[in-house]
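Q: This structure is in structure tokens; I'll ask about it shortly.
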Amino acid sequence: MKDDHQAITDGIDQGRRYFLIAGATAAAVAPAVLLQTVTAASQATPVTSDVRWGLLIDTAKCMEGCTACIDACCHENGLDLQRPPGGEATSKWAGQQAVWMRKIKLQDNQTGRVTSLPMMCQHCEEPPCMDVCPTGASFKRADGIVMVDRHLCIGCRYCMMACPYKARSFIHQEMHGQLTRVPRGKGCVESCNLCVHRRDHGEDSTACVDACAAEGHHAIIFGDLKNPESRISQTLRELPSRQIREDLTLNTGVRYSGV
Amino acid sequence: MANAAFTARCVAAGLLWMIIQSVQADDVKRYVVEGSRAAGLSACVEPTELMRRQHMTFIKHQRISTVHEGVRTGKYSLSGCVACHISYDAQQNARPINQPDQFCGACHAYAAVNLNCFDCHASVPNAGTPLTATAIAAHQKAGVTERIQSQTAAGEGH
Amino acid sequence: MKRIVYREWRIPSARYWSILGILAAVAGLATLAFGYMEHTGHWVSGMNNSVVWGLPHVFAVFLIITASGALNVASIGTVFHKPIYKPLGRLSGLLAVALLMGGLLVLVMDLGRPERLIVAMTHYNFSSIFAWNIFLYTGFMVIVIAYLWTMADRQGQPFNQSVGILAFVWRLALTTGTGAIFGFLVARQAYDAAILAPMFVVMSFAYGLATFMLVLLFAFDEEGRPIGQKMLRRLKNLLGIFVAGALYFNLVYHLTNLYVTKNDGLESWLLLHGGIYTLMFWVGWVLIGGLLPLGIIYHPVLNKDRNWIVAACALVVVGGLATMYVIIIGSQSYPIQMFPGQTILESGFFDGVNGQQAAYHPTIPELLLGLGGVAIGLIITVVGVRVLQFMPESLADDVVALDEETLSQEAFVTPS
């Protein structure tokens with residue numbers, strides 16, 4: 001089942017093409033009925049607040065210079081399909097293209113200790129972006145994912161003013177060739193949504209987590225913060241961790257260890 | 001005399017236009033993937049008359065539960081529209097469904113209604129939410145699977 | 001004291017149409033600029049993911065707070081019972097509605113999805129001050145139009161006082177709401193201050209009055225209607241108080257920030273190392289918008305000269321735009337402090353690497369869009385005064401009400 005999803009959702013690698021087609025064909029013929037029923041169960045019911053999705057980032061394991069999570073995020077969410085509009089200077093475009101996730105390298109002013117970490121939407125329990133949005137386009141799903149309903153977004157960018165993590169991006173240009181799973185269009189705001197299509201299809205991780213694990217770093221853990229048995233909850237119990245800008249007491253869903 | 005000729009010409013032009021329009025409307029009918037589930041059915045997910053008039057309402061209601069509640073199984077899915085009604089050119093390239101000669105685009109052009117779903121949404125099947133098993137089978141039967149996959153691989157729809 | 005007679009603005013037709021033509025041309029250019037930015041997307045503007053509100057918002061916010069300030073002249077007459085201001089009430093109300101219209105248009109035209117304005121009208125999130133502002137702005141227009149009616153129509157006369165008070169309270173709420181758009185943002189250091197709301201109120205007094213005086217003096221000069229020294233003296237004294245008040249709030253705002261250690265970085269950046277923003281702050285906000293006009297207004301000789309008073313008003317307006325530029329753009333340009341005590345060495349998203357400020361280079365379309373808002377406001381005003389009786393025929397000393405400030409004590413003694 002995993003392979004099948006990979007085949008259809010993740011077919012980003014030319015080399016894997018024939019394997020993928022084979023996978024898709026196989027899935028279509030034999031276990032198709034089974035697949036339908038299994039995924040349908042998780043897709044058919046509204047998300048509930050019984051779960052709260054979150055990430056734990058262990059900066060000790062995050063390698064400086066590695067951008068596997070960013071690349072995976074860009075592929076998964078079609079961000080790599082953005083092209084600078086005709087005639088725009090690269091430097092200006094860099095400030096205008098949408099970024100859901102970026103790496104930051106920090107140095108402590110007192111001790112000189114250098115830390116490397118990925119930053120993205122922190123999926124606050126009390127998101128400032130949601131408070132300020134005039135139309136209610138910025139919202140939080142019952143399962144804790146903060147996202148934008150781009151059907152309601154009027155592009156006022158007040159949420160971008162309000163976000164303490166600079167997590168949001170505005171789409172400055174017309175888009176073509178979007179992925180079916182990640183719609184994207186000029187004039188709306190968007191940000192990391194914890195690979196919401198994966199959540200809805202019952203998969204158990206995000207693109208960045210998979211990519212980090214594939215590199216062998218395992219610096220990011222994805223899971224349900226409300227389930228005491230989940231790996232993320234268990235790790236949070238053991239490992240000292242914190243929220244970025246704890247002073248705002250937003251109770252973020254993304255936690256950092258070693259910052 | 002000249003006036004009559006002019007009127008006749010106008011009438012002829014009008015008739016011609018109507019014929020062209022009806023031919024185009026006929027054309028629209030075949031924008032259903034050959035061998036797809038839609039092609040084998042007499043109607044879409046609702047009776048044709050209802051779909052013609054109400055599809056936007058259906059889609060709108062479902063989009064709310066999809067975006068806000070994560071429900072992805074409803075039958076009124078926009079990617080479902082695209083999956084069944086997309087057509088392919090001679091090179092088996094999917095043709096964006098909102099183009100003025102395609103299923104959505106043709107009718108919207110005919111009815112002069114602005115179509116902006118595809119400002120943001122993919123207008124070709126583009127590696128999104130997994131196609132249903134039946135849709136995959138249908139696309140395979142139509143010989144387009146490979147094309148879809150390769151487009152996905154290239155990361156470009158059109 | 002004579003009866004106040006209101007008259008349409010009777011400048012020569014050619015003159016009127018050329019003024020209107022120039023304004024319409026600016027508005028037309030703004031429409032083109034809007035079409036261009038809307039069609040291509042915001043990438044053609046200087047705005048980016050770090051500085052998300054740019055020059056259009058500078059103009060829009062300036063116009064909106066100026067609009068509420070312009071109503072003050074009417075409020076002083078009605079609410080605070082200063083009869084000398086009464087003849088100015090109508091123009092003040094008109095200007096308030098017109099400028100608000102211009103400001104809102106700019107704000108709306110800059111949306112990423114302006115065609116979805118209907119969504120903003122049908123979906124409200126009441127925890128957002130923006131959503132409240134939509135009601136504050138539309139309510140303001142309705143109330144001020146009603147206020148104009150009570151001033152102009154005999155039938156409305158009995159309601160004048162109560163509507164005037166409502167309008168005054170509403171304009172305070174409106175400017176507080178506009179200030180709160182910024183004051184409620186915890187994310188950005190420069191904004192996270194409740195003082196921004198009252199500061200915006202006082203700034204609106206100053207900008208509104210300065211703009212009102214400019215319009216009034218221009219309109220009267222064009223047609224040769226007289227304005228007496230008494231009226232000028234009152235208006236410019238009032239302006240002086242407002243400008244000084246705005247400066248005072250500016251001082252308190254920065255003193256507070258300077259006292260709080262965590263804001264040291266912000267303050268040293270803004271006051272010393274912020275490049276264009278430092279320049280805008282000291283030269284634009286403090287000097288042009290504050291000290292120079294104060295110098296003129298309280299200068300014993302210059303403050304009698306009408307041209308110098310006009311200059312003072314213009315300086316306040318220019319300084320006001322600079323102030324908005326610093327408050328709106330400068331505050332975004334300063335990097336968000338996500339990791340206090342740490343320096344960002346590298347970032348994939350312009351998080352202020354080594355404290356570097358975010359880049360913003362305004363573009364021509366943005367400027368045109370902003371100026372278009374000004375033009376729309378002035379078009380409404382010009383057409384309004386031309387076709388309706390908004391302006392008094394004369395504000396000469398013998399026409400306006402007694403100036404109680406200059407009277408000696410005896411004048412107020414009730415006859416026994």
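Within each chain, counting starts at residue 1; across the structure tokens, chains are named A, B, ... in the order shown, with ligands numbered 1 upward in that order.
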Could you build a table of the residues in chain C lying no more than 12 Å from chain B, giving for each the nearest pair of atoms and their separation in Å rounded to one decimal place, using only C-alpha atoms, ordered by chain and ascending residue number, as a tab-separated table?
A:
residue	atom	partner	partner_atom	distance
C:Arg113	CA	B:Asp119	CA	11.6
C:Glu115	CA	B:Asn116	CA	11.3
C:Arg116	CA	B:Asn116	CA	11.7
Q: I need the chain C residues near chain A as a PyMOL selection string; criterion: at most 6 Å, counting only C-alpha atoms.
A: chain C and resi 41-43+48-49+111-113+116+120+123-125+127-128+130-131+185+187+341-348
Q: Taking only C-alpha atoms into account, name the residue in B:Ala122, B:Cys81, B:Ala112, B:Ala94 that is nearest to Met56 of chain B.
A: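 Once distances to Met56 of chain B are computed over only C-alpha atoms, the minimum belongs to B:Cys81.
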Q: I need the residue nearest chain B from this list: A:Cys66, A:Gly185, A:His201, A:Gly86. Use only C-alpha atoms for the distance.
A: A:Gly185
Q: Mind checking which residues fall within 9 Å of Trp9 of chain C, counting only C-alpha atoms, ignoring those fewer than 4 positions away in the same chain, and posting them as a ChimeraX atom specification?
A: /C:219-220,223,382,384-391
Q: Residues as selected, N, CA and C atoms, written as a PDB file, in the first residue's frame, can you do that?
A:
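Produced file part.pdb, reproduced below:
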ATOM      1  N   ALA C 219      -8.772  76.049  -1.851  1.00  0.00           N
ATOM      2  CA  ALA C 219     -10.096  76.305  -2.415  1.00  0.00           C
ATOM      3  C   ALA C 219     -10.471  77.777  -2.271  1.00  0.00           C
ATOM      4  N   PHE C 220     -10.174  78.363  -1.148  1.00  0.00           N
ATOM      5  CA  PHE C 220     -10.524  79.768  -0.935  1.00  0.00           C
ATOM      6  C   PHE C 220      -9.684  80.693  -1.803  1.00  0.00           C
ATOM      7  N   GLU C 223     -10.799  80.838  -5.534  1.00  0.00           N
ATOM      8  CA  GLU C 223     -12.014  81.577  -5.840  1.00  0.00           C
ATOM      9  C   GLU C 223     -11.991  82.986  -5.272  1.00  0.00           C
ATOM     10  N   VAL C 382     -13.421  67.751  -4.748  1.00  0.00           N
ATOM     11  CA  VAL C 382     -13.561  68.834  -5.735  1.00  0.00           C
ATOM     12  C   VAL C 382     -14.970  68.831  -6.327  1.00  0.00           C
ATOM     13  N   GLY C 384     -17.589  67.482  -5.007  1.00  0.00           N
ATOM     14  CA  GLY C 384     -18.524  67.790  -3.916  1.00  0.00           C
ATOM     15  C   GLY C 384     -18.681  69.278  -3.702  1.00  0.00           C
ATOM     16  N   VAL C 385     -17.547  70.001  -3.572  1.00  0.00           N
ATOM     17  CA  VAL C 385     -17.662  71.427  -3.283  1.00  0.00           C
ATOM     18  C   VAL C 385     -18.175  72.205  -4.495  1.00  0.00           C
ATOM     19  N   ARG C 386     -17.971  71.627  -5.685  1.00  0.00           N
ATOM     20  CA  ARG C 386     -18.433  72.318  -6.891  1.00  0.00           C
ATOM     21  C   ARG C 386     -19.955  72.260  -7.014  1.00  0.00           C
ATOM     22  N   VAL C 387     -20.534  71.102  -6.725  1.00  0.00           N
ATOM     23  CA  VAL C 387     -21.966  70.951  -6.993  1.00  0.00           C
ATOM     24  C   VAL C 387     -22.831  71.206  -5.766  1.00  0.00           C
ATOM     25  N   LEU C 388     -22.278  71.104  -4.577  1.00  0.00           N
ATOM     26  CA  LEU C 388     -23.095  71.307  -3.378  1.00  0.00           C
ATOM     27  C   LEU C 388     -22.505  72.429  -2.535  1.00  0.00           C
ATOM     28  N   GLN C 389     -23.308  72.898  -1.602  1.00  0.00           N
ATOM     29  CA  GLN C 389     -22.873  74.057  -0.817  1.00  0.00           C
ATOM     30  C   GLN C 389     -22.114  73.594   0.421  1.00  0.00           C
ATOM     31  N   PHE C 390     -20.842  73.318   0.207  1.00  0.00           N
ATOM     32  CA  PHE C 390     -20.035  72.820   1.313  1.00  0.00           C
ATOM     33  C   PHE C 390     -19.229  73.919   1.990  1.00  0.00           C
ATOM     34  N   MET C 391     -18.876  74.948   1.210  1.00  0.00           N
ATOM     35  CA  MET C 391     -17.942  75.929   1.774  1.00  0.00           C
ATOM     36  C   MET C 391     -18.637  77.261   2.039  1.00  0.00           C
TER      37      MET C 391
END
Q: Please determine, counting only C-alpha atoms, which residue among B:Ser65, B:Thr48, B:Gln92, B:Gln102 has the shortest atom-to-atom distance to chain A.
A: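 Distance minimum relative to chain A lands on B:Ser65.
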Q: Segment 284-289 of chain C: which residues within 8 Å, counting only C-alpha atoms, same-chain residues fewer than 3 positions away excluded, as a list in words?
A: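 Within the cut-off, the hits are Val243, Leu247, Leu279, Met280, Phe281, Leu292, Pro293, Leu315, Val316, Val317, Val318, Gly319, Gly320, Ala322 and Thr323 of chain C.
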Q: Take the residues just selected and output them with C-alpha atoms as a PDB file, in the first residue's frame.
A:
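Saved as part33.pdb:
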ATOM      1  CA  VAL C 243       1.933  68.176  15.927  1.00  0.00           C
ATOM      2  CA  LEU C 247       5.945  64.233  18.653  1.00  0.00           C
ATOM      3  CA  LEU C 279      17.036  58.898   7.585  1.00  0.00           C
ATOM      4  CA  MET C 280      13.271  58.770   7.185  1.00  0.00           C
ATOM      5  CA  PHE C 281      12.850  58.724  10.926  1.00  0.00           C
ATOM      6  CA  LEU C 292      10.039  72.404  11.278  1.00  0.00           C
ATOM      7  CA  PRO C 293       6.259  72.915  11.280  1.00  0.00           C
ATOM      8  CA  LEU C 315       5.509  69.726   5.862  1.00  0.00           C
ATOM      9  CA  VAL C 316       3.177  67.941   8.265  1.00  0.00           C
ATOM     10  CA  VAL C 317       1.703  65.957   5.384  1.00  0.00           C
ATOM     11  CA  VAL C 318       5.101  65.043   3.934  1.00  0.00           C
ATOM     12  CA  GLY C 319       6.359  64.161   7.395  1.00  0.00           C
ATOM     13  CA  GLY C 320       3.254  62.073   7.915  1.00  0.00           C
ATOM     14  CA  ALA C 322       7.562  59.528   6.051  1.00  0.00           C
ATOM     15  CA  THR C 323       6.223  58.497   9.461  1.00  0.00           C
TER      16      THR C 323
END
Q: So which residues touch Leu88 of chain C within 12 Å, counting only C-alpha atoms, skipping near sequence neighbours fewer than 2 positions away, as a ChimeraX atom specification?
A: /C:4-6,70-78,82-86,90-95,148,151-152,209,212-213,215-217,227,231,235,389-395,400-401
Q: Using the selection just defined, write its residues with C-alpha atoms as an mmCIF file, in the first residue's frame.
A:
data_model
loop_
_atom_site.group_PDB
_atom_site.id
_atom_site.type_symbol
_atom_site.label_atom_id
_atom_site.label_comp_id
_atom_site.auth_asym_id
_atom_site.auth_seq_id
_atom_site.Cartn_x
_atom_site.Cartn_y
_atom_site.Cartn_z
ATOM 1 C CA ILE C 4 -22.904 82.231 7.340
ATOM 2 C CA VAL C 5 -23.785 81.656 3.701
ATOM 3 C CA TYR C 6 -22.602 78.473 2.004
ATOM 4 C CA ALA C 70 -10.179 65.728 8.901
ATOM 5 C CA LEU C 71 -13.481 65.238 10.666
ATOM 6 C CA ASN C 72 -12.055 66.845 13.777
ATOM 7 C CA VAL C 73 -12.801 70.361 12.662
ATOM 8 C CA ALA C 74 -16.503 69.526 12.495
ATOM 9 C CA SER C 75 -16.342 67.742 15.853
ATOM 10 C CA ILE C 76 -14.771 70.754 17.558
ATOM 11 C CA GLY C 77 -17.639 72.866 16.341
ATOM 12 C CA THR C 78 -20.407 70.473 17.265
ATOM 13 C CA LYS C 82 -16.635 76.216 19.429
ATOM 14 C CA PRO C 83 -18.810 78.337 17.152
ATOM 15 C CA ILE C 84 -15.850 79.638 15.169
ATOM 16 C CA TYR C 85 -15.343 76.144 13.701
ATOM 17 C CA LYS C 86 -18.976 75.665 12.751
ATOM 18 C CA ARG C 90 -19.414 70.670 6.092
ATOM 19 C CA LEU C 91 -16.103 70.714 4.261
ATOM 20 C CA SER C 92 -14.547 68.766 7.093
ATOM 21 C CA GLY C 93 -17.176 66.012 6.782
ATOM 22 C CA LEU C 94 -16.862 65.864 3.024
ATOM 23 C CA LEU C 95 -13.099 65.632 3.153
ATOM 24 C CA LEU C 148 -23.412 66.194 6.808
ATOM 25 C CA MET C 151 -25.428 70.211 9.138
ATOM 26 C CA ALA C 152 -26.899 71.052 5.760
ATOM 27 C CA LEU C 209 -6.032 69.123 10.216
ATOM 28 C CA PHE C 212 -7.955 70.122 5.797
ATOM 29 C CA MET C 213 -6.130 73.441 6.002
ATOM 30 C CA VAL C 215 -7.635 72.037 0.967
ATOM 31 C CA LEU C 216 -9.413 74.952 2.589
ATOM 32 C CA LEU C 217 -6.729 77.509 1.794
ATOM 33 C CA ILE C 227 -10.178 83.980 5.241
ATOM 34 C CA MET C 231 -9.598 81.833 11.631
ATOM 35 C CA LEU C 235 -6.368 76.659 12.939
ATOM 36 C CA GLN C 389 -22.873 74.057 -0.817
ATOM 37 C CA PHE C 390 -20.035 72.820 1.313
ATOM 38 C CA MET C 391 -17.942 75.929 1.774
ATOM 39 C CA PRO C 392 -18.871 79.198 3.460
ATOM 40 C CA GLU C 393 -18.709 82.241 1.246
ATOM 41 C CA SER C 394 -16.446 84.038 3.611
ATOM 42 C CA LEU C 395 -14.372 83.352 6.679
ATOM 43 C CA VAL C 400 -16.846 84.232 11.819
ATOM 44 C CA ALA C 401 -18.073 83.891 15.353
#
Q: Using only C-alpha atoms, can you tell me which of B:Cys44, B:Ala111, B:Val67, B:Cys84 comes closest to Asn193 of chain A?
A: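 Closest residue, counting only C-alpha atoms: B:Val67.
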Q: Which polymer residues have any atom within 8 Å of an atom of Glu125 of chain A, counting only C-alpha atoms, with same-chain residues fewer than 2 positions away left out, as a short mmCIF file (atom, residue, chain, number, x, y, z; two decimals) with C-alpha atoms, in the first residue's frame?
A:
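Saved the output as part12.cif:
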data_model
loop_
_atom_site.label_atom_id
_atom_site.label_comp_id
_atom_site.auth_asym_id
_atom_site.auth_seq_id
_atom_site.Cartn_x
_atom_site.Cartn_y
_atom_site.Cartn_z
CA HIS A 123 1.41 24.87 14.00
CA PRO A 127 -2.05 30.74 15.99
CA GLY A 144 -3.93 20.82 15.00
CA LEU A 250 1.47 29.86 21.60
CA ASN A 251 1.97 26.16 22.41
CA THR A 252 3.54 25.24 19.13
CA GLY A 253 3.13 21.82 17.57
#
Q: Can you tell me, as JSON, numbers by chain, which residues in segment 139-198 of chain A count as alpha helix (DSSP H) by DSSP?
A: {"A": [158, 159, 160, 161, 162, 196, 197, 198]}
Q: Take the residues from that selection and put them in a file with N, CA and C atoms, as a tab-separated table (two decimals), in the first residue's frame.
A:
chain	number	residue	atom	x	y	z
A	158	TYR	N	-2.13	39.98	6.11
A	158	TYR	CA	-2.05	40.35	7.52
A	158	TYR	C	-1.48	39.19	8.34
A	159	CYS	N	-1.78	37.95	7.93
A	159	CYS	CA	-1.25	36.79	8.65
A	159	CYS	C	0.28	36.77	8.58
A	160	MET	N	0.80	37.24	7.44
A	160	MET	CA	2.26	37.24	7.32
A	160	MET	C	2.87	38.29	8.24
A	161	MET	N	2.12	39.36	8.47
A	161	MET	CA	2.57	40.37	9.42
A	161	MET	C	2.56	39.79	10.83
A	162	ALA	N	1.59	38.91	11.10
A	162	ALA	CA	1.37	38.47	12.47
A	162	ALA	C	2.19	37.25	12.85
A	196	VAL	N	-0.61	17.76	4.46
A	196	VAL	CA	-1.98	17.44	4.84
A	196	VAL	C	-2.60	16.36	3.96
A	197	HIS	N	-2.18	16.29	2.69
A	197	HIS	CA	-2.73	15.23	1.83
A	197	HIS	C	-2.28	13.87	2.32
A	198	ARG	N	-1.09	13.81	2.87
A	198	ARG	CA	-0.63	12.53	3.43
A	198	ARG	C	-1.43	12.16	4.68
